[in-house]
file input34.pdb (PDB, C-alpha atoms)
ATOM      1  CA  MET A   1     136.300  79.819 140.818
ATOM      2  CA  SER A   2     136.393  78.741 137.173
ATOM      3  CA  VAL A   3     133.602  79.342 134.706
ATOM      4  CA  GLN A   4     133.209  75.579 134.238
ATOM      5  CA  THR A   5     132.678  75.033 137.977
ATOM      6  CA  ILE A   6     130.130  77.829 138.148
ATOM      7  CA  ALA A   7     128.296  76.411 135.133
ATOM      8  CA  THR A   8     128.261  72.974 136.775
ATOM      9  CA  LEU A   9     126.824  74.406 139.989
ATOM     10  CA  ALA A  10     124.200  76.314 138.018
ATOM     11  CA  GLY A  11     123.245  73.098 136.211
ATOM     12  CA  VAL A  12     122.957  71.229 139.511
ATOM     13  CA  GLY A  13     120.845  74.060 140.880
ATOM     14  CA  VAL A  14     118.456  74.002 137.912
ATOM     15  CA  PHE A  15     118.105  70.209 138.137
ATOM     16  CA  LEU A  16     117.326  70.365 141.856
ATOM     17  CA  LEU A  17     114.828  73.161 141.250
ATOM     18  CA  ILE A  18     113.043  70.892 138.787
ATOM     19  CA  LEU A  19     113.064  68.185 141.457
ATOM     20  CA  ALA A  20     111.600  70.634 143.982
ATOM     21  CA  ILE A  21     108.819  71.676 141.594
ATOM     22  CA  ALA A  22     108.009  68.038 140.839
ATOM     23  CA  ALA A  23     107.922  67.262 144.570
ATOM     24  CA  VAL A  24     105.479  70.103 145.177
ATOM     25  CA  LEU A  25     103.247  68.918 142.337
ATOM     26  CA  THR A  26     103.017  65.463 143.953
ATOM     27  CA  TRP A  27     102.276  66.495 147.547
ATOM     28  CA  SER A  28      98.853  64.869 147.369
ATOM     29  CA  SER A  29     100.438  61.528 146.531
ATOM     30  CA  TYR A  30     102.127  61.427 149.975
ATOM     31  CA  GLY A  31     105.293  60.170 148.332
ATOM     32  CA  ASP A  32     104.048  57.251 146.261
ATOM     33  CA  GLY A  33     106.036  58.791 143.386
ATOM     34  CA  LYS A  34     104.074  57.227 140.535
ATOM     35  CA  THR A  35     102.659  60.337 138.893
ATOM     36  CA  TRP A  36     105.633  62.215 137.440
ATOM     37  CA  PHE A  37     108.485  61.595 135.038
ATOM     38  CA  LEU A  38     111.203  61.375 137.730
ATOM     39  CA  SER A  39     109.180  58.792 139.638
ATOM     40  CA  GLY A  40     111.977  56.530 140.859
ATOM     41  CA  LEU A  41     114.770  59.088 141.241
ATOM     42  CA  PRO A  42     114.602  59.703 145.028
ATOM     43  CA  GLU A  43     114.500  55.966 145.775
ATOM     44  CA  MET A  44     117.364  55.382 143.317
ATOM     45  CA  PHE A  45     119.350  58.156 145.002
ATOM     46  CA  TYR A  46     118.767  56.607 148.438
ATOM     47  CA  ASP A  47     119.743  53.094 147.347
ATOM     48  CA  MET A  48     122.869  54.492 145.696
ATOM     49  CA  PHE A  49     124.229  56.154 148.843
ATOM     50  CA  PHE A  50     122.587  54.390 151.789
ATOM     51  CA  ALA A  51     122.265  50.767 152.848
ATOM     52  CA  ALA A  52     120.632  51.312 156.247
ATOM     53  CA  ASP A  53     116.922  51.102 157.010
ATOM     54  CA  PRO A  54     115.358  54.290 155.588
ATOM     55  CA  ARG A  55     113.368  54.944 158.767
ATOM     56  CA  GLU A  56     116.537  54.904 160.868
ATOM     57  CA  THR A  57     118.313  57.157 158.373
ATOM     58  CA  ALA A  58     115.373  59.572 158.445
ATOM     59  CA  LYS A  59     115.531  59.656 162.235
ATOM     60  CA  LYS A  60     119.264  60.433 162.176
ATOM     61  CA  ILE A  61     118.854  63.437 159.852
ATOM     62  CA  GLY A  62     116.131  65.043 161.930
ATOM     63  CA  PHE A  63     112.777  63.555 160.967
ATOM     64  CA  ASP A  64     110.311  62.871 163.787
ATOM     65  CA  THR A  65     109.644  59.303 162.691
ATOM     66  CA  ASP A  66     107.221  58.543 165.534
ATOM     67  CA  LYS A  67     105.085  61.526 164.524
ATOM     68  CA  LEU A  68     105.245  60.519 160.854
ATOM     69  CA  ASP A  69     104.317  56.909 161.680
ATOM     70  CA  ARG A  70     101.295  58.084 163.676
ATOM     71  CA  ALA A  71     100.282  60.459 160.880
ATOM     72  CA  GLY A  72     100.627  57.605 158.405
ATOM     73  CA  ILE A  73      98.309  55.368 160.437
ATOM     74  CA  ILE A  74      95.719  58.141 160.718
ATOM     75  CA  LEU A  75      95.868  58.864 156.977
ATOM     76  CA  ARG A  76      96.157  55.167 156.080
ATOM     77  CA  ILE A  77      99.424  55.629 154.227
ATOM     78  CA  GLU A  78     102.978  54.438 154.758
ATOM     79  CA  PRO A  79     105.508  57.303 154.861
ATOM     80  CA  ASP A  80     108.055  56.874 152.071
ATOM     81  CA  TYR A  81     111.219  57.434 154.101
ATOM     82  CA  LYS A  82     113.501  56.890 151.109
ATOM     83  CA  ARG A  83     111.816  59.771 149.305
ATOM     84  CA  LEU A  84     111.768  61.953 152.419
ATOM     85  CA  VAL A  85     115.502  61.434 153.035
ATOM     86  CA  ALA A  86     116.457  61.977 149.380
ATOM     87  CA  GLU A  87     114.421  65.177 149.078
ATOM     88  CA  LYS A  88     115.796  66.587 152.331
ATOM     89  CA  ILE A  89     119.412  65.992 151.297
ATOM     90  CA  ALA A  90     118.694  67.438 147.837
ATOM     91  CA  GLY A  91     117.202  70.484 149.569
ATOM     92  CA  TYR A  92     120.361  71.084 151.588
ATOM     93  CA  VAL A  93     122.495  70.702 148.464
ATOM     94  CA  LEU A  94     120.280  73.205 146.647
ATOM     95  CA  LEU A  95     120.643  75.685 149.518
ATOM     96  CA  ALA A  96     124.427  75.291 149.368
ATOM     97  CA  VAL A  97     124.436  75.800 145.588
ATOM     98  CA  GLY A  98     122.378  78.976 146.030
ATOM     99  CA  VAL A  99     124.836  80.354 148.587
ATOM    100  CA  VAL A 100     127.868  79.601 146.385
ATOM    101  CA  ILE A 101     126.250  81.191 143.318
ATOM    102  CA  ALA A 102     125.217  84.248 145.355
ATOM    103  CA  VAL A 103     128.808  84.724 146.561
ATOM    104  CA  THR A 104     130.647  83.990 143.299
ATOM    105  CA  MET A 105     128.264  85.337 140.657
ATOM    106  CA  GLU A 106     126.295  87.848 142.765
ATOM    107  CA  SER A 107     123.132  86.409 141.234
ATOM    108  CA  TYR A 108     120.868  87.018 144.193
ATOM    109  CA  VAL A 109     117.626  86.302 142.349
ATOM    110  CA  PHE A 110     118.783  82.795 141.456
ATOM    111  CA  ALA A 111     120.079  82.360 145.009
ATOM    112  CA  VAL A 112     116.655  83.234 146.443
ATOM    113  CA  ILE A 113     114.985  80.818 144.018
ATOM    114  CA  CYS A 114     117.429  78.101 145.131
ATOM    115  CA  ALA A 115     116.689  78.894 148.778
ATOM    116  CA  ILE A 116     112.938  78.613 148.238
ATOM    117  CA  GLY A 117     113.344  75.369 146.300
ATOM    118  CA  GLY A 118     115.672  73.963 148.958
ATOM    119  CA  LEU A 119     113.274  74.784 151.799
ATOM    120  CA  LEU A 120     110.418  73.172 149.882
ATOM    121  CA  LEU A 121     112.438  69.980 149.446
ATOM    122  CA  ILE A 122     113.454  69.965 153.108
ATOM    123  CA  LEU A 123     110.101  70.773 154.693
ATOM    124  CA  ALA A 124     107.199  70.420 152.280
ATOM    125  CA  ARG A 125     106.422  66.696 152.172
ATOM    126  CA  GLU A 126     106.810  66.119 155.909
ATOM    127  CA  ALA A 127     104.684  69.191 156.643
ATOM    128  CA  LYS A 128     102.001  67.994 154.210
ATOM    129  CA  ILE A 129     101.697  64.592 155.879
ATOM    130  CA  THR A 130     101.634  65.879 159.456
ATOM    131  CA  SER A 131      99.301  68.805 158.730
ATOM    132  CA  ASP A 132      96.785  66.555 156.945
ATOM    133  CA  ALA A 133      96.855  64.178 159.905
ATOM    134  CA  GLU A 134      96.266  67.065 162.324
ATOM    135  CA  LYS A 135      93.320  68.269 160.233
ATOM    136  CA  GLN A 136      91.805  64.795 160.490
ATOM    137  CA  VAL A 137      92.323  64.811 164.277
ATOM    138  CA  VAL A 138      90.541  68.188 164.511
ATOM    139  CA  GLU A 139      87.663  66.842 162.430
ATOM    140  CA  PHE A 140      87.534  63.747 164.644
ATOM    141  CA  GLU A 141      87.265  65.930 167.763
ATOM    142  CA  SER A 142      84.652  68.249 166.243
ATOM    143  CA  GLU A 143      82.290  65.295 165.698
ATOM    144  CA  MET A 144      82.326  64.224 169.367
ATOM    145  CA  VAL A 145      79.326  66.299 170.479
ATOM    146  CA  ARG A 146      76.977  64.926 167.821
ATOM    147  CA  PHE A 147      78.216  61.386 168.422
ATOM    148  CA  LEU A 148      77.552  61.596 172.177
ATOM    149  CA  ASP A 149      74.130  63.175 171.655
ATOM    150  CA  LEU A 150      73.079  60.294 169.402
ATOM    151  CA  LEU A 151      74.691  57.730 171.690
ATOM    152  CA  GLN A 152      72.743  59.046 174.683
ATOM    153  CA  THR A 153      69.486  58.389 172.846
ATOM    154  CA  ALA A 154      70.423  54.741 172.293
ATOM    155  CA  LEU A 155      71.614  54.286 175.882
ATOM    156  CA  PHE A 156      68.487  55.910 177.275
ATOM    157  CA  ILE A 157      66.402  52.966 176.061
ATOM    158  CA  LYS A 158      68.710  50.554 177.937
ATOM    159  CA  MET A 159      70.643  49.384 174.891
ATOM    160  CA  PRO A 160      74.041  47.720 175.622
ATOM    161  CA  ILE A 161      76.844  50.214 175.046
ATOM    162  CA  ASP A 162      78.662  48.226 172.351
ATOM    163  CA  THR A 163      75.398  47.828 170.413
ATOM    164  CA  ALA A 164      74.564  51.501 171.017
ATOM    165  CA  ILE A 165      77.935  52.598 169.607
ATOM    166  CA  GLN A 166      77.496  50.330 166.578
ATOM    167  CA  ILE A 167      74.033  51.677 165.766
ATOM    168  CA  THR A 168      75.120  55.285 166.392
ATOM    169  CA  VAL A 169      78.071  55.200 164.000
ATOM    170  CA  GLU A 170      75.977  53.478 161.330
ATOM    171  CA  ASN A 171      73.804  56.592 161.288
ATOM    172  CA  MET A 172      76.716  59.040 161.126
ATOM    173  CA  ASN A 173      79.207  60.181 158.518
ATOM    174  CA  GLY A 174      82.667  61.620 159.073
ATOM    175  CA  VAL A 175      86.069  60.655 160.429
ATOM    176  CA  LEU A 176      84.887  59.651 163.919
ATOM    177  CA  ALA A 177      82.137  57.376 162.610
ATOM    178  CA  GLN A 178      84.460  55.771 160.054
ATOM    179  CA  GLU A 179      87.175  55.119 162.643
ATOM    180  CA  LEU A 180      84.691  53.617 165.112
ATOM    181  CA  ARG A 181      83.157  51.399 162.443
ATOM    182  CA  GLU A 182      86.580  50.081 161.472
ATOM    183  CA  SER A 183      87.611  49.611 165.112
ATOM    184  CA  LEU A 184      84.466  47.613 165.867
ATOM    185  CA  ALA A 185      84.968  45.551 162.700
ATOM    186  CA  LYS A 186      88.535  44.725 163.786
ATOM    187  CA  MET A 187      87.140  43.844 167.216
ATOM    188  CA  ARG A 188      84.869  41.201 165.704
ATOM    189  CA  LEU A 189      87.603  39.807 163.455
ATOM    190  CA  SER A 190      90.295  39.616 166.138
ATOM    191  CA  ASN A 191      87.922  38.569 168.917
ATOM    192  CA  VAL A 192      88.930  41.387 171.296
ATOM    193  CA  GLY A 193      86.541  43.377 173.448
ATOM    194  CA  TRP A 194      85.044  46.703 172.448
ATOM    195  CA  GLN A 195      86.978  48.267 175.343
ATOM    196  CA  LYS A 196      90.318  47.365 173.748
ATOM    197  CA  ALA A 197      89.146  48.648 170.351
ATOM    198  CA  LEU A 198      88.190  52.021 171.852
ATOM    199  CA  TYR A 199      91.382  52.251 173.911
ATOM    200  CA  ASP A 200      93.504  51.695 170.787
ATOM    201  CA  LEU A 201      91.599  54.404 168.922
ATOM    202  CA  ALA A 202      91.999  56.816 171.852
ATOM    203  CA  MET A 203      95.756  56.141 171.931
ATOM    204  CA  LEU A 204      96.026  56.837 168.200
ATOM    205  CA  TYR A 205      94.077  60.111 168.039
ATOM    206  CA  ARG A 206      95.001  61.442 171.505
ATOM    207  CA  VAL A 207      91.875  63.592 171.723
ATOM    208  CA  ASP A 208      91.190  64.405 175.381
ATOM    209  CA  THR A 209      87.414  64.414 175.038
ATOM    210  CA  PHE A 210      87.356  61.013 173.317
ATOM    211  CA  THR A 211      89.785  59.561 175.869
ATOM    212  CA  GLU A 212      87.547  60.820 178.679
ATOM    213  CA  PHE A 213      84.513  59.236 177.026
ATOM    214  CA  VAL A 214      86.288  55.873 176.653
ATOM    215  CA  MET A 215      87.489  55.825 180.272
ATOM    216  CA  ASN A 216      84.068  56.776 181.650
ATOM    217  CA  ALA A 217      82.225  54.294 179.427
ATOM    218  CA  VAL A 218      84.578  51.409 180.286
ATOM    219  CA  ASN A 219      84.565  52.184 184.017
ATOM    220  CA  SER A 220      80.782  52.338 184.196
ATOM    221  CA  TYR A 221      80.490  49.105 182.193
ATOM    222  CA  GLU A 222      82.960  47.257 184.437
ATOM    223  CA  LYS A 223      81.224  48.514 187.585
ATOM    224  CA  GLY A 224      77.867  47.420 186.266
ATOM    225  CA  VAL A 225      76.291  50.878 186.403
ATOM    226  CA  SER A 226      74.394  52.698 183.679
ATOM    227  CA  SER A 227      76.594  54.003 180.877
ATOM    228  CA  PHE A 228      73.983  56.655 180.120
ATOM    229  CA  GLU A 229      75.006  58.833 183.069
ATOM    230  CA  ALA A 230      78.711  58.592 182.201
ATOM    231  CA  VAL A 231      78.084  59.529 178.565
ATOM    232  CA  HIS A 232      75.694  62.309 179.590
ATOM    233  CA  GLU A 233      78.307  63.860 181.919
ATOM    234  CA  THR A 234      81.017  63.592 179.255
ATOM    235  CA  ALA A 235      78.776  65.289 176.680
ATOM    236  CA  LYS A 236      77.921  68.021 179.171
ATOM    237  CA  ASP A 237      81.617  68.642 179.935
ATOM    238  CA  ILE A 238      82.506  68.812 176.243
ATOM    239  CA  LYS A 239      79.746  71.328 175.540
ATOM    240  CA  GLU A 240      80.919  73.510 178.429
ATOM    241  CA  ILE A 241      84.520  73.366 177.151
ATOM    242  CA  ASN A 242      83.327  74.287 173.642
ATOM    243  CA  GLN A 243      81.399  77.279 175.015
ATOM    244  CA  ILE A 244      84.481  78.477 176.898
ATOM    245  CA  ASN A 245      86.595  78.111 173.740
ATOM    246  CA  ILE A 246      84.013  80.045 171.715
ATOM    247  CA  ARG A 247      84.009  82.863 174.287
ATOM    248  CA  GLU A 248      87.815  82.994 174.252
ATOM    249  CA  LYS A 249      87.906  83.132 170.438
ATOM    250  CA  THR A 250      85.226  85.845 170.447
ATOM    251  CA  SER A 251      87.211  87.964 172.910
ATOM    252  CA  LYS A 252      90.377  87.538 170.826
ATOM    253  CA  VAL A 253      88.544  88.597 167.668
ATOM    254  CA  ALA A 254      87.134  91.619 169.489
ATOM    255  CA  SER A 255      90.635  92.582 170.629
ATOM    256  CA  LEU A 256      91.984  92.273 167.082
ATOM    257  CA  VAL A 257      89.139  94.431 165.774
ATOM    258  CA  LEU A 258      89.964  97.140 168.330
ATOM    259  CA  ILE A 259      93.636  97.334 167.337
ATOM    260  CA  PRO A 260      93.095  99.274 164.052
ATOM    261  CA  THR A 261      90.686 101.624 165.846
ATOM    262  CA  VAL A 262      93.243 102.398 168.545
ATOM    263  CA  VAL A 263      96.015 102.855 165.976
ATOM    264  CA  PHE A 264      93.992 105.255 163.824
ATOM    265  CA  LYS A 265      93.067 107.288 166.888
ATOM    266  CA  LEU A 266      96.604 107.265 168.260
ATOM    267  CA  ILE A 267      98.406 108.382 165.088
ATOM    268  CA  PRO A 268      96.533 111.728 164.746
ATOM    269  CA  ALA A 269      97.020 112.418 168.455
ATOM    270  CA  LEU A 270     100.756 111.785 168.169
ATOM    271  CA  ALA A 271     100.882 113.998 165.079
ATOM    272  CA  ILE A 272      99.103 116.853 166.874
ATOM    273  CA  ILE A 273     101.546 116.625 169.783
ATOM    274  CA  GLY A 274     104.690 115.888 167.771
ATOM    275  CA  ILE A 275     104.461 118.305 164.835
ATOM    276  CA  PRO A 276     104.691 121.525 166.944
ATOM    277  CA  ILE A 277     107.662 120.076 168.843
ATOM    278  CA  ILE A 278     109.478 119.205 165.590
ATOM    279  CA  VAL A 279     108.753 122.653 164.168
ATOM    280  CA  ARG A 280     110.187 124.350 167.275
ATOM    281  CA  ILE A 281     113.309 122.207 167.168
ATOM    282  CA  ASN A 282     113.869 123.005 163.479
ATOM    283  CA  THR A 283     113.394 126.757 164.047
ATOM    284  CA  GLY A 284     115.642 126.786 167.077
ATOM    285  CA  PHE A 285     112.748 127.591 169.417
TER     286      PHE A 285
END

call {"tool": "encode", "arguments": {"input": "input34.pdb", "output": "structure tokens"}}
result
Amino acid sequence: MSVQTIATLAGVGVFLLILAIAAVLTWSSYGDGKTWFLSGLPEMFYDMFFAADPRETAKKIGFDTDKLDRAGIILRIEPDYKRLVAEKIAGYVLLAVGVVIAVTMESYVFAVICAIGGLLLILAREAKITSDAEKQVVEFESEMVRFLDLLQTALFIKMPIDTAIQITVENMNGVLAQELRESLAKMRLSNVGWQKALYDLAMLYRVDTFTEFVMNAVNSYEKGVSSFEAVHETAKDIKEINQINIREKTSKVASLVLIPTVVFKLIPALAIIGIPIIVRINTGF
């Protein structure tokens, strides 16, 4: 391979590394691409080589578009599929450049840097979006117990369940309260029932405890029975599940704590047994 070709590959590699660093520095922007000097480059790259819908292209090259769409709704963003596709392709090119340079120039340090940069371009932005959405889902689920405790108080005084939910979330902060407030606001604007608003939210977040609450609350409402009992049972079940999870985590932590103790006790014992045997073997018994 000629010196000129190697120099060209090295230049491509350096440029893509700069792109990788810039992509990392703009993770928090979720791909809006307005905060760095190469702002329009990924979109320009996509438009130059692709004419198809960016979401379909992203699906063809391995992106889980359904998961990204759901994460986007949860985070209230729109995934920038042009940027995602362009960065992934650039990442693969950077990996290939690193391999070629490692083979031809035996520059393994630069090859490793290219590999790291390529993996960041391929994985980083998608992982950032999905992981942030999952964190919000976890926060949503963690607020269920407090929400149900407050809701029970409102239902206990015979308040209608839709009014009880509205008053409860007005006195709460957090992801769950915000989502319920927005769902109830959409309900009033679109003239749909509170049941539909809660069902849609349950389908979006896919949290088992919230889904159970919605089903129990709707069933009791449609049957004309007190919603208080249904909410009380749901809250009781959630608390029992949380206690079981806490016990499981505690037992796992205890097991992990015991591992170093066992190891430090085992190593001296093995040394006491093994050293005389090794000495005998070396001295020919």

call {"tool": "closest_residue", "arguments": {"input": "input34.pdb", "among": "A:Lys128, A:Lys60, A:Lys158, A:Arg70", "to": "A:Glu229", "atoms": "all atoms listed in the file"}}
result
A:Lys158

call {"tool": "resolve_selection", "arguments": {"input": "input34.pdb", "expression": "the PyMOL selection byres ((chain A and resi 45) around 10)", "output": "PyMOL selection string"}}
result
chain A and resi 40-44+46-50+82-83+85-87+90

call {"tool": "closest_residue", "arguments": {"input": "input34.pdb", "among": "A:Val138, A:Leu95, A:Ala52, A:Ala124", "to": "A:Phe110", "atoms": "only C-alpha atoms"}}
result
A:Leu95

call {"tool": "closest_residue", "arguments": {"input": "input34.pdb", "among": "A:Ala164, A:Cys114, A:Gly72, A:Arg181", "to": "A:Ala102", "atoms": "only C-alpha atoms"}}
result
A:Cys114

call {"tool": "residues_around", "arguments": {"input": "input34.pdb", "residues": "A:Ala111", "least_positions_apart": "5", "cutoff": "8 Å", "atoms": "only C-alpha atoms", "output": "NGL selection string"}}
result
:A and (97-99 or 101-102)

call {"tool": "atom_distance", "arguments": {"input": "input34.pdb", "atom1": "atom CA of A:Met159", "atom2": "atom CA of A:Ala177"}}
result
18.6 Å

call {"tool": "atom_distance", "arguments": {"input": "input34.pdb", "atom1": "atom CA of A:Gly91", "atom2": "atom CA of A:Arg76"}}
result
26.8 Å

call {"tool": "residues_near_point", "arguments": {"input": "input34.pdb", "point": "(94.5, 60.0, 169.9)", "cutoff": "12 Å", "atoms": "all atoms listed in the file", "output": "mmCIF file with C-alpha atoms, in the coordinates of the input"}}
result
data_model
loop_
_atom_site.group_PDB
_atom_site.id
_atom_site.type_symbol
_atom_site.label_atom_id
_atom_site.label_comp_id
_atom_site.auth_asym_id
_atom_site.auth_seq_id
_atom_site.Cartn_x
_atom_site.Cartn_y
_atom_site.Cartn_z
ATOM 1 C CA LYS A 67 105.085 61.526 164.524
ATOM 2 C CA ARG A 70 101.295 58.084 163.676
ATOM 3 C CA ALA A 71 100.282 60.459 160.880
ATOM 4 C CA ILE A 73 98.309 55.368 160.437
ATOM 5 C CA ILE A 74 95.719 58.141 160.718
ATOM 6 C CA ALA A 133 96.855 64.178 159.905
ATOM 7 C CA GLU A 134 96.266 67.065 162.324
ATOM 8 C CA GLN A 136 91.805 64.795 160.490
ATOM 9 C CA VAL A 137 92.323 64.811 164.277
ATOM 10 C CA VAL A 138 90.541 68.188 164.511
ATOM 11 C CA PHE A 140 87.534 63.747 164.644
ATOM 12 C CA GLU A 141 87.265 65.930 167.763
ATOM 13 C CA LEU A 176 84.887 59.651 163.919
ATOM 14 C CA GLU A 179 87.175 55.119 162.643
ATOM 15 C CA LEU A 198 88.190 52.021 171.852
ATOM 16 C CA TYR A 199 91.382 52.251 173.911
ATOM 17 C CA ASP A 200 93.504 51.695 170.787
ATOM 18 C CA LEU A 201 91.599 54.404 168.922
ATOM 19 C CA ALA A 202 91.999 56.816 171.852
ATOM 20 C CA MET A 203 95.756 56.141 171.931
ATOM 21 C CA LEU A 204 96.026 56.837 168.200
ATOM 22 C CA TYR A 205 94.077 60.111 168.039
ATOM 23 C CA ARG A 206 95.001 61.442 171.505
ATOM 24 C CA VAL A 207 91.875 63.592 171.723
ATOM 25 C CA ASP A 208 91.190 64.405 175.381
ATOM 26 C CA THR A 209 87.414 64.414 175.038
ATOM 27 C CA PHE A 210 87.356 61.013 173.317
ATOM 28 C CA THR A 211 89.785 59.561 175.869
ATOM 29 C CA GLU A 212 87.547 60.820 178.679
ATOM 30 C CA VAL A 214 86.288 55.873 176.653
#

call {"tool": "atom_distance", "arguments": {"input": "input34.pdb", "atom1": "atom CA of A:Ser220", "atom2": "atom CA of A:Asp162"}}
result
12.7 Å

call {"tool": "closest_residue", "arguments": {"input": "input34.pdb", "among": "A:Glu222, A:Asp149, A:Glu139, A:Glu126", "to": "A:Asp69", "atoms": "only C-alpha atoms"}}
result
A:Glu126

call {"tool": "closest_residue", "arguments": {"input": "input34.pdb", "among": "A:Ile129, A:Val103, A:Met187, A:Ala217", "to": "A:Pro160", "atoms": "only C-alpha atoms"}}
result
A:Ala217

call {"tool": "closest_residue", "arguments": {"input": "input34.pdb", "among": "A:Ala230, A:Ile238, A:Met172, A:Ile272", "to": "A:Val145", "atoms": "only C-alpha atoms"}}
result
A:Ile238

call {"tool": "residues_near_point", "arguments": {"input": "input34.pdb", "point": "(82.6, 48.0, 163.4)", "cutoff": "12 Å", "atoms": "all atoms listed in the file", "output": "PDB file with C-alpha atoms, in the coordinates of the input"}}
result
ATOM      1  CA  ASP A 162      78.662  48.226 172.351  1.00  0.00           C
ATOM      2  CA  THR A 163      75.398  47.828 170.413  1.00  0.00           C
ATOM      3  CA  ALA A 164      74.564  51.501 171.017  1.00  0.00           C
ATOM      4  CA  ILE A 165      77.935  52.598 169.607  1.00  0.00           C
ATOM      5  CA  GLN A 166      77.496  50.330 166.578  1.00  0.00           C
ATOM      6  CA  ILE A 167      74.033  51.677 165.766  1.00  0.00           C
ATOM      7  CA  THR A 168      75.120  55.285 166.392  1.00  0.00           C
ATOM      8  CA  VAL A 169      78.071  55.200 164.000  1.00  0.00           C
ATOM      9  CA  GLU A 170      75.977  53.478 161.330  1.00  0.00           C
ATOM     10  CA  LEU A 176      84.887  59.651 163.919  1.00  0.00           C
ATOM     11  CA  ALA A 177      82.137  57.376 162.610  1.00  0.00           C
ATOM     12  CA  GLN A 178      84.460  55.771 160.054  1.00  0.00           C
ATOM     13  CA  GLU A 179      87.175  55.119 162.643  1.00  0.00           C
ATOM     14  CA  LEU A 180      84.691  53.617 165.112  1.00  0.00           C
ATOM     15  CA  ARG A 181      83.157  51.399 162.443  1.00  0.00           C
ATOM     16  CA  GLU A 182      86.580  50.081 161.472  1.00  0.00           C
ATOM     17  CA  SER A 183      87.611  49.611 165.112  1.00  0.00           C
ATOM     18  CA  LEU A 184      84.466  47.613 165.867  1.00  0.00           C
ATOM     19  CA  ALA A 185      84.968  45.551 162.700  1.00  0.00           C
ATOM     20  CA  LYS A 186      88.535  44.725 163.786  1.00  0.00           C
ATOM     21  CA  MET A 187      87.140  43.844 167.216  1.00  0.00           C
ATOM     22  CA  ARG A 188      84.869  41.201 165.704  1.00  0.00           C
ATOM     23  CA  LEU A 189      87.603  39.807 163.455  1.00  0.00           C
ATOM     24  CA  SER A 190      90.295  39.616 166.138  1.00  0.00           C
ATOM     25  CA  GLY A 193      86.541  43.377 173.448  1.00  0.00           C
ATOM     26  CA  TRP A 194      85.044  46.703 172.448  1.00  0.00           C
ATOM     27  CA  ALA A 197      89.146  48.648 170.351  1.00  0.00           C
ATOM     28  CA  LEU A 198      88.190  52.021 171.852  1.00  0.00           C
TER      29      LEU A 198
END

call {"tool": "axis_aligned_box", "arguments": {"input": "input34.pdb", "around": "stretch 220-234 of chain A", "padding_each_side": "5 Å", "output": "JSON"}}
result
{"center_x": 78.5, "center_y": 55.6, "center_z": 183.1, "size_x": 19.0, "size_y": 26.6, "size_z": 19.0}

call {"tool": "residues_around", "arguments": {"input": "input34.pdb", "residues": "A:Ile89", "least_positions_apart": "6", "cutoff": "9 Å", "atoms": "only C-alpha atoms", "output": "number ranges by chain"}}
result
A: 61, 121-122
